[in-house]
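This is protein.cif (mmCIF, C-alpha atoms).
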```cif
data_input
#
loop_
_atom_site.group_PDB
_atom_site.id
_atom_site.type_symbol
_atom_site.label_atom_id
_atom_site.label_comp_id
_atom_site.auth_asym_id
_atom_site.auth_seq_id
_atom_site.Cartn_x
_atom_site.Cartn_y
_atom_site.Cartn_z
ATOM 1 C CA MET P 18 3.805 43.961 93.215
ATOM 2 C CA ILE P 19 5.855 44.779 96.307
ATOM 3 C CA ALA P 20 6.869 41.131 96.643
ATOM 4 C CA MET P 21 7.775 41.052 92.972
ATOM 5 C CA ALA P 22 9.846 44.202 93.221
ATOM 6 C CA ASN P 23 11.702 43.077 96.330
ATOM 7 C CA ASP P 24 12.313 39.563 94.918
ATOM 8 C CA LYS P 25 10.636 37.935 97.917
ATOM 9 C CA SER P 26 8.804 34.649 97.918
ATOM 10 C CA LEU P 27 5.070 34.542 98.395
ATOM 11 C CA PRO P 28 3.513 31.921 100.667
ATOM 12 C CA ALA P 29 3.524 28.442 99.141
ATOM 13 C CA TRP P 30 -0.192 28.404 98.317
ATOM 14 C CA ARG P 31 0.047 31.825 96.654
ATOM 15 C CA ASN P 32 3.084 30.691 94.700
ATOM 16 C CA PHE P 33 1.111 27.643 93.566
ATOM 17 C CA ALA P 34 -1.838 29.807 92.495
ATOM 18 C CA ALA P 35 0.345 32.375 90.718
ATOM 19 C CA TRP P 36 2.396 29.808 88.815
ATOM 20 C CA SER P 37 -0.749 27.845 87.963
ATOM 21 C CA VAL P 38 -2.124 30.961 86.278
ATOM 22 C CA ALA P 39 1.195 31.374 84.439
ATOM 23 C CA GLY P 40 0.999 27.767 83.293
ATOM 24 C CA ALA P 41 -2.581 28.270 82.115
ATOM 25 C CA LEU P 42 -1.671 31.377 80.113
ATOM 26 C CA CYS P 43 1.272 29.590 78.510
ATOM 27 C CA TYR P 44 -0.931 26.617 77.603
ATOM 28 C CA ILE P 45 -3.665 28.810 76.118
ATOM 29 C CA LEU P 46 -1.179 30.782 74.020
ATOM 30 C CA ALA P 47 0.539 27.597 72.822
ATOM 31 C CA ALA P 48 -2.744 25.843 71.967
ATOM 32 C CA SER P 49 -4.115 28.922 70.190
ATOM 33 C CA GLY P 50 -0.914 29.408 68.206
ATOM 34 C CA ALA P 51 -0.756 25.751 67.202
ATOM 35 C CA SER P 52 -4.395 25.770 66.090
ATOM 36 C CA ALA P 53 -3.945 28.965 64.077
ATOM 37 C CA LEU P 54 -0.813 27.555 62.476
ATOM 38 C CA LEU P 55 -2.077 24.077 61.660
ATOM 39 C CA HIS P 56 -5.741 24.759 60.849
ATOM 40 C CA GLU P 57 -7.121 27.197 58.324
ATOM 41 C CA GLY P 58 -10.101 28.024 60.516
ATOM 42 C CA GLY P 59 -7.876 29.254 63.326
ATOM 43 C CA VAL P 60 -8.689 28.988 67.013
ATOM 44 C CA GLY P 61 -12.419 28.536 66.404
ATOM 45 C CA THR P 62 -11.869 25.066 64.963
ATOM 46 C CA MET P 63 -10.831 23.795 68.408
ATOM 47 C CA PHE P 64 -14.330 24.295 69.809
ATOM 48 C CA ARG P 65 -16.290 22.459 67.118
ATOM 49 C CA SER P 66 -15.832 19.071 68.743
ATOM 50 C CA ARG P 67 -16.746 18.213 72.317
ATOM 51 C CA GLU P 68 -14.005 15.605 72.428
ATOM 52 C CA VAL P 69 -11.375 18.170 71.440
ATOM 53 C CA VAL P 70 -12.710 20.656 73.980
ATOM 54 C CA GLY P 71 -12.583 17.981 76.672
ATOM 55 C CA ILE P 72 -8.999 17.041 75.807
ATOM 56 C CA LEU P 73 -7.957 20.698 75.770
ATOM 57 C CA GLY P 74 -9.623 21.229 79.142
ATOM 58 C CA LEU P 75 -7.811 18.286 80.668
ATOM 59 C CA GLY P 76 -4.570 19.563 79.154
ATOM 60 C CA LEU P 77 -5.192 22.972 80.707
ATOM 61 C CA LEU P 78 -5.755 21.472 84.154
ATOM 62 C CA PHE P 79 -2.701 19.264 83.766
ATOM 63 C CA SER P 80 -0.563 22.238 82.729
ATOM 64 C CA MET P 81 -1.752 24.291 85.689
ATOM 65 C CA ALA P 82 -1.097 21.446 88.127
ATOM 66 C CA VAL P 83 2.374 20.647 86.777
ATOM 67 C CA VAL P 84 3.572 24.254 86.673
ATOM 68 C CA GLY P 85 1.974 25.132 90.013
ATOM 69 C CA LEU P 86 3.297 22.119 91.913
ATOM 70 C CA SER P 87 6.770 22.191 90.382
ATOM 71 C CA SER P 88 7.143 25.935 91.087
ATOM 72 C CA ARG P 89 5.385 26.199 94.444
ATOM 73 C CA LYS P 90 8.726 26.981 96.150
ATOM 74 C CA ARG P 91 9.919 29.218 93.322
ATOM 75 C CA PRO P 92 9.755 32.979 93.923
ATOM 76 C CA PHE P 93 7.187 34.774 91.797
ATOM 77 C CA ASN P 94 8.911 37.931 90.607
ATOM 78 C CA LEU P 95 9.926 39.696 87.420
ATOM 79 C CA ARG P 96 13.126 37.691 87.014
ATOM 80 C CA THR P 97 11.519 34.277 87.437
ATOM 81 C CA ILE P 98 8.615 35.294 85.186
ATOM 82 C CA ARG P 99 11.113 36.292 82.504
ATOM 83 C CA ASN P 100 12.940 32.978 82.874
ATOM 84 C CA PHE P 101 9.671 31.049 82.710
ATOM 85 C CA ALA P 102 8.617 32.964 79.593
ATOM 86 C CA ALA P 103 11.964 32.282 77.896
ATOM 87 C CA SER P 104 11.934 28.555 78.640
ATOM 88 C CA SER P 105 8.272 28.299 77.635
ATOM 89 C CA ALA P 106 9.011 30.076 74.349
ATOM 90 C CA VAL P 107 11.773 27.583 73.545
ATOM 91 C CA ALA P 108 9.505 24.650 74.452
ATOM 92 C CA VAL P 109 6.655 26.043 72.331
ATOM 93 C CA LEU P 110 9.031 26.631 69.407
ATOM 94 C CA ALA P 111 10.356 23.078 69.595
ATOM 95 C CA CYS P 112 6.834 21.660 69.865
ATOM 96 C CA THR P 113 5.693 23.793 66.937
ATOM 97 C CA LEU P 114 8.499 22.532 64.723
ATOM 98 C CA LEU P 115 7.652 18.958 65.656
ATOM 99 C CA LEU P 116 3.942 19.573 65.009
ATOM 100 C CA LEU P 117 4.727 21.057 61.614
ATOM 101 C CA GLY P 118 6.767 17.982 60.771
ATOM 102 C CA PHE P 119 3.998 15.593 61.806
ATOM 103 C CA ASP P 120 1.397 17.766 60.072
ATOM 104 C CA ALA P 121 3.382 17.574 56.819
ATOM 105 C CA LEU P 122 3.567 13.797 57.176
ATOM 106 C CA ALA P 123 -0.161 13.628 57.913
ATOM 107 C CA ARG P 124 -1.036 15.688 54.822
ATOM 108 C CA ALA P 125 1.026 13.259 52.755
ATOM 109 C CA GLY P 126 -0.916 10.351 54.280
ATOM 110 C CA ALA P 127 2.227 8.940 55.853
ATOM 111 C CA LEU P 128 0.801 8.608 59.363
ATOM 112 C CA GLU P 129 -2.194 6.454 58.515
ATOM 113 C CA THR P 130 -0.222 3.240 59.001
ATOM 114 C CA MET P 131 1.110 4.218 62.433
ATOM 115 C CA GLY P 132 -0.284 2.213 65.346
ATOM 116 C CA VAL P 133 -0.309 2.878 69.070
ATOM 117 C CA SER P 134 3.260 1.644 69.552
ATOM 118 C CA GLU P 135 4.554 3.961 66.836
ATOM 119 C CA TRP P 136 2.676 6.962 68.216
ATOM 120 C CA VAL P 137 3.943 6.330 71.740
ATOM 121 C CA ALA P 138 7.519 6.106 70.479
ATOM 122 C CA ALA P 139 7.134 9.247 68.360
ATOM 123 C CA ILE P 140 5.616 11.262 71.222
ATOM 124 C CA MET P 141 8.263 10.058 73.653
ATOM 125 C CA GLY P 142 11.044 10.916 71.226
ATOM 126 C CA SER P 143 9.542 14.351 70.640
ATOM 127 C CA THR P 144 9.320 14.933 74.396
ATOM 128 C CA LEU P 145 13.000 14.104 74.810
ATOM 129 C CA ILE P 146 13.920 16.583 72.087
ATOM 130 C CA VAL P 147 11.835 19.336 73.702
ATOM 131 C CA PHE P 148 13.428 18.803 77.125
ATOM 132 C CA ALA P 149 16.880 18.640 75.549
ATOM 133 C CA SER P 150 16.189 21.985 73.843
ATOM 134 C CA LEU P 151 15.358 23.509 77.227
ATOM 135 C CA GLY P 152 18.556 22.026 78.625
ATOM 136 C CA VAL P 153 20.654 23.515 75.847
ATOM 137 C CA LEU P 154 19.025 26.894 76.554
ATOM 138 C CA ALA P 155 19.991 26.565 80.217
ATOM 139 C CA VAL P 156 23.604 25.699 79.339
ATOM 140 C CA ALA P 157 23.828 28.615 76.911
ATOM 141 C CA SER P 158 22.354 30.923 79.553
ATOM 142 C CA ALA P 159 24.844 29.759 82.177
ATOM 143 C CA GLN P 160 27.810 30.097 79.833
ATOM 144 C CA GLY P 161 26.728 33.523 78.589
ATOM 145 C CA GLY P 162 25.683 34.864 81.983
ATOM 146 C CA ALA P 163 22.186 35.720 80.759
ATOM 147 C CA GLY P 164 20.669 34.897 84.145
ATOM 148 C CA PHE P 165 17.907 32.596 82.913
ATOM 149 C CA ILE P 166 18.625 30.128 85.754
ATOM 150 C CA ASP P 167 17.026 31.063 89.068
ATOM 151 C CA ASP P 168 19.399 29.099 91.307
ATOM 152 C CA ALA P 169 22.820 30.765 91.356
ATOM 153 C CA ALA P 170 24.532 27.593 92.606
ATOM 154 C CA ALA P 171 22.984 25.562 89.779
ATOM 155 C CA ALA P 172 24.080 28.192 87.262
ATOM 156 C CA ASP P 173 27.660 28.059 88.565
ATOM 157 C CA ASP P 174 27.662 24.260 88.438
ATOM 158 C CA MET P 175 26.325 24.286 84.895
ATOM 159 C CA ARG P 176 28.937 26.869 83.917
ATOM 160 C CA GLU P 177 31.783 24.792 85.340
ATOM 161 C CA ARG P 178 30.545 21.515 83.812
ATOM 162 C CA GLY P 179 29.120 22.863 80.585
ATOM 163 C CA ARG P 180 30.524 20.077 78.405
ATOM 164 C CA LEU P 181 29.016 17.407 80.652
ATOM 165 C CA PHE P 182 25.536 18.911 80.450
ATOM 166 C CA LEU P 183 25.815 19.647 76.729
ATOM 167 C CA TYR P 184 26.866 16.067 75.916
ATOM 168 C CA SER P 185 24.008 14.765 78.061
ATOM 169 C CA PHE P 186 21.417 16.859 76.231
ATOM 170 C CA VAL P 187 22.785 15.891 72.823
ATOM 171 C CA TRP P 188 22.533 12.267 73.993
ATOM 172 C CA MET P 189 18.861 12.894 74.777
ATOM 173 C CA VAL P 190 18.350 14.285 71.283
ATOM 174 C CA ALA P 191 19.966 11.173 69.777
ATOM 175 C CA CYS P 192 17.632 8.926 71.796
ATOM 176 C CA GLY P 193 14.617 10.998 70.789
ATOM 177 C CA LEU P 194 15.525 10.922 67.099
ATOM 178 C CA LEU P 195 16.086 7.161 67.326
ATOM 179 C CA LEU P 196 12.554 6.613 68.617
ATOM 180 C CA ILE P 197 11.053 8.934 66.007
ATOM 181 C CA VAL P 198 12.781 7.358 63.004
ATOM 182 C CA LEU P 199 11.900 3.876 64.256
ATOM 183 C CA ALA P 200 8.266 4.964 64.617
ATOM 184 C CA LEU P 201 8.264 6.120 60.996
ATOM 185 C CA ALA P 202 9.797 2.872 59.701
ATOM 186 C CA GLY P 203 8.214 -0.338 58.527
ATOM 187 C CA PRO P 204 7.022 -2.008 55.333
ATOM 188 C CA GLU P 205 4.287 0.636 54.920
ATOM 189 C CA GLY P 206 6.010 3.428 56.809
ATOM 190 C CA VAL P 207 7.480 6.691 55.608
ATOM 191 C CA LEU P 208 11.057 5.423 55.720
ATOM 192 C CA SER P 209 12.341 2.141 54.392
ATOM 193 C CA PRO P 210 13.705 -0.382 56.914
ATOM 194 C CA ALA P 211 17.177 -0.233 55.336
ATOM 195 C CA THR P 212 17.322 3.568 55.631
ATOM 196 C CA VAL P 213 16.128 3.497 59.221
ATOM 197 C CA LEU P 214 18.597 0.765 60.118
ATOM 198 C CA ALA P 215 21.486 2.855 58.786
ATOM 199 C CA GLY P 216 20.239 5.942 60.615
ATOM 200 C CA ALA P 217 19.624 3.988 63.818
ATOM 201 C CA LEU P 218 23.166 2.588 63.769
ATOM 202 C CA VAL P 219 24.569 6.095 63.384
ATOM 203 C CA LEU P 220 22.422 7.435 66.256
ATOM 204 C CA ILE P 221 23.373 4.493 68.478
ATOM 205 C CA ALA P 222 27.048 5.092 67.713
ATOM 206 C CA VAL P 223 26.682 8.795 68.552
ATOM 207 C CA ALA P 224 24.846 7.989 71.798
ATOM 208 C CA THR P 225 27.514 5.445 72.745
ATOM 209 C CA LEU P 226 30.372 7.891 72.157
ATOM 210 C CA LEU P 227 28.548 10.569 74.126
ATOM 211 C CA SER P 228 27.939 8.116 76.980
ATOM 212 C CA ILE P 229 31.672 7.384 77.163
ATOM 213 C CA ALA P 230 32.482 11.098 77.098
ATOM 214 C CA VAL P 231 29.921 11.835 79.828
ATOM 215 C CA TRP P 232 31.241 9.009 82.013
ATOM 216 C CA ARG P 233 34.756 10.444 81.857
ATOM 217 C CA LEU P 234 33.485 13.865 82.908
ATOM 218 C CA LEU P 235 31.427 12.588 85.858
ATOM 219 C CA ASP P 236 32.676 13.055 89.392
ATOM 220 C CA GLU P 237 32.363 10.422 92.112
ATOM 221 C CA LEU P 238 28.805 11.432 93.023
ATOM 222 C CA GLY P 239 27.753 11.410 89.395
ATOM 223 C CA ARG P 240 29.135 7.925 88.839
ATOM 224 C CA THR P 241 27.435 6.695 91.990
ATOM 225 C CA LEU P 242 24.124 8.133 90.778
ATOM 226 C CA SER P 243 24.686 6.493 87.392
ATOM 227 C CA HIS P 244 25.159 3.087 89.039
ATOM 228 C CA GLU P 245 22.088 3.589 91.231
ATOM 229 C CA ALA P 246 19.976 4.693 88.269
ATOM 230 C CA GLY P 247 21.119 1.669 86.273
ATOM 231 C CA ASN P 248 20.176 -0.703 89.081
ATOM 232 C CA MET P 249 16.836 1.034 89.558
ATOM 233 C CA ALA P 250 16.103 0.858 85.809
ATOM 234 C CA PHE P 251 16.882 -2.866 85.778
ATOM 235 C CA TYR P 252 14.381 -3.601 88.538
ATOM 236 C CA LEU P 253 11.743 -1.338 86.980
ATOM 237 C CA ILE P 254 12.103 -3.153 83.665
ATOM 238 C CA ILE P 255 11.794 -6.504 85.408
ATOM 239 C CA LEU P 256 8.752 -5.323 87.354
ATOM 240 C CA LEU P 257 6.846 -3.426 84.652
ATOM 241 C CA GLY P 258 8.131 -5.052 81.485
ATOM 242 C CA GLY P 259 8.171 -8.501 82.993
ATOM 243 C CA GLY P 260 4.729 -7.992 84.486
ATOM 244 C CA TRP P 261 3.378 -6.856 81.128
ATOM 245 C CA ALA P 262 4.905 -9.872 79.374
ATOM 246 C CA MET P 263 3.490 -12.210 82.028
ATOM 247 C CA LEU P 264 -0.036 -10.798 81.697
ATOM 248 C CA ALA P 265 0.237 -11.013 77.913
ATOM 249 C CA HIS P 266 1.350 -14.643 78.115
ATOM 250 C CA LEU P 267 -1.692 -15.422 80.286
ATOM 251 C CA GLY P 268 -3.971 -13.717 77.782
ATOM 252 C CA PHE P 269 -5.118 -10.797 79.918
ATOM 253 C CA VAL P 270 -3.573 -8.055 77.753
ATOM 254 C CA ALA P 271 -1.972 -7.698 74.333
ATOM 255 C CA GLY P 272 1.714 -8.496 74.263
ATOM 256 C CA PRO P 273 4.309 -5.724 73.960
ATOM 257 C CA ALA P 274 5.574 -5.066 70.456
ATOM 258 C CA PRO P 275 9.330 -4.731 69.827
ATOM 259 C CA LEU P 276 8.976 -0.956 69.649
ATOM 260 C CA ASP P 277 7.083 -1.004 72.957
ATOM 261 C CA TRP P 278 10.135 -2.546 74.616
ATOM 262 C CA LEU P 279 12.419 0.185 73.230
ATOM 263 C CA SER P 280 10.046 2.917 74.413
ATOM 264 C CA LEU P 281 9.800 1.222 77.795
ATOM 265 C CA PHE P 282 13.582 0.984 78.145
ATOM 266 C CA VAL P 283 14.038 4.693 77.397
ATOM 267 C CA ALA P 284 11.163 5.821 79.642
ATOM 268 C CA LEU P 285 12.213 3.718 82.630
ATOM 269 C CA MET P 286 15.813 4.814 82.242
ATOM 270 C CA PHE P 287 14.802 8.438 82.782
ATOM 271 C CA VAL P 288 12.344 7.521 85.543
ATOM 272 C CA ALA P 289 15.118 5.644 87.336
ATOM 273 C CA SER P 290 17.427 8.654 86.993
ATOM 274 C CA PHE P 291 14.850 10.917 88.642
ATOM 275 C CA ILE P 292 14.260 8.399 91.425
ATOM 276 C CA ALA P 293 17.988 8.053 92.098
ATOM 277 C CA ALA P 294 18.435 11.830 92.173
ATOM 278 C CA GLY P 295 15.350 12.288 94.337
ATOM 279 C CA ARG P 296 16.537 9.721 96.897
ATOM 280 C CA ARG P 297 19.626 11.882 97.435
ATOM 281 C CA GLN P 298 17.463 15.007 97.639
ATOM 282 C CA LEU P 299 19.063 16.503 94.547
ATOM 283 C CA LEU P 300 15.720 17.572 93.084
ATOM 284 C CA THR P 301 14.630 19.704 96.025
ATOM 285 C CA ARG P 302 15.048 23.439 95.831
#
```
Starting from the file, lay out its structure as structure tokens.
Amino acid sequence: MIAMANDKSLPAWRNFAAWSVAGALCYILAASGASALLHEGGVGTMFRSREVVGILGLGLLFSMAVVGLSSRKRPFNLRTIRNFAASSAVAVLACTLLLLGFDALARAGALETMGVSEWVAAIMGSTLIVFASLGVLAVASAQGGAGFIDDAAAADDMRERGRLFLYSFVWMVACGLLLIVLALAGPEGVLSPATVLAGALVLIAVATLLSIAVWRLLDELGRTLSHEAGNMAFYLIILLGGGWAMLAHLGFVAGPAPLDWLSLFVALMFVASFIAAGRRQLLTR
């Protein structure tokens, strides 16, 4: 409590343990709320199947590890706990809305025709929307001075370049929606191919215009990172996508579907961006 009151950092291993507990609590609350919302039997329905219990247990461990490792250098105090609770609430709200949408589709029997490729695209698109929602919260916090960003320098940078960050997050939403609507398309899908094509063209146009706007707002470092991320994404696609296609041609694995390629392009684009930023030590606290 003294460390929390004085806003001092605990040792790294204690930070890891404390934030792991915070991640576990957030996961338990989110899983319990989702089960109570989506199932009539409430939380008790989660423990009727060993498979479900196993998946939930792995999810709990994964949540603890991700939150603990990503926040091991983050001070554990009242302010950071408040910020973590706010961002977690936004993420849970976004996930809940997405779950309600998929649950409504499932009740209508619209998800029975979805294969692995469609589910991967839908989950990836949903993930992009959730992260974009957190980003919009951060921009709104920086602009309004709410103090939900721990790093003062990052808050100032986000305040000065608010349009750049906002356009980037809206671009993420457009990419996420594109993957979701494509996952719901098809001859037996929820949406007709013609409707999805029209929507996809609109989303692509929006993403293109936002990309142009973001490029104009980038400084020299940002444009350099963009070039490096593009080069990195190209080689990752050649390595992973090309390797997958080669193994499929030789008969070792199933070949990638068209939607698999789109999901792969989007995923590797973000992976390349993180690698490019990490190489310049822009992700370290």
Would you compute, for all listed atoms of region 147-161 of chain P, the axis-aligned bounding box grown by 8 Å on each side, and then report its centre and edge lengths in Å rounded to one decimal, as lines of an AutoDock Vina configuration file?
```
center_x = 19.8
center_y = 26.1
center_z = 77.9
size_x = 32.0
size_y = 30.9
size_z = 24.5
```
- Query: Taking (5.3, 19.1, 72.7) in the file's coordinates as the center, which residues reach within 7 Å of it, counting all atoms listed in the file, put as JSON, numbers by chain?
  - Reply: {"P": [112, 143, 144, 147]}
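Comparing P:Ala41, P:Leu276, P:Val107, P:Ala48 by their smallest distance to Met81 (chain P), the closest is P:Ala41 (using all atoms listed in the file).
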- Message: Show me the residues around (2.4, 28.7, 86.7) - criterion: an atom at most 10 Å away, only C-alpha atoms counted - as a ChimeraX atom specification.
- Response: /P:32-44,80-89,93,98,101
- When you draw a straight line from CA of Ala289 (chain P) to CA of Gly132 (chain P), how long is it in Å?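 Atom-to-atom, CA of Ala289 (chain P) and CA of Gly132 (chain P) are spaced 27.1 Å apart.
Between Val207 (chain P) and the candidates P:Val109, P:Arg99, P:Tyr184, P:Ala123, the tightest atom-to-atom separation, counting all atoms listed in the file, involves P:Ala123.
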- Message: Report as a list of chain:residue names all protein, DNA and RNA residues lying within 9 Å of Ala108 (chain P), evaluated on only C-alpha atoms, omitting residues in the same chain fewer than 4 positions from it.
- Response: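 The contact residues come out as P:Ala103, P:Ser104, P:Cys112, P:Thr113, P:Val147, P:Phe148, P:Ser150, P:Leu151.
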Keeping C-alpha atoms for every residue in the selection just given, could you write it to a file as a PDB file, in the frame of the given file?
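The result, stored in selection-v4.pdb:
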```pdb
ATOM      1  CA  ALA P 103      11.964  32.282  77.896  1.00  0.00           C
ATOM      2  CA  SER P 104      11.934  28.555  78.640  1.00  0.00           C
ATOM      3  CA  CYS P 112       6.834  21.660  69.865  1.00  0.00           C
ATOM      4  CA  THR P 113       5.693  23.793  66.937  1.00  0.00           C
ATOM      5  CA  VAL P 147      11.835  19.336  73.702  1.00  0.00           C
ATOM      6  CA  PHE P 148      13.428  18.803  77.125  1.00  0.00           C
ATOM      7  CA  SER P 150      16.189  21.985  73.843  1.00  0.00           C
ATOM      8  CA  LEU P 151      15.358  23.509  77.227  1.00  0.00           C
TER       9      LEU P 151
END
```
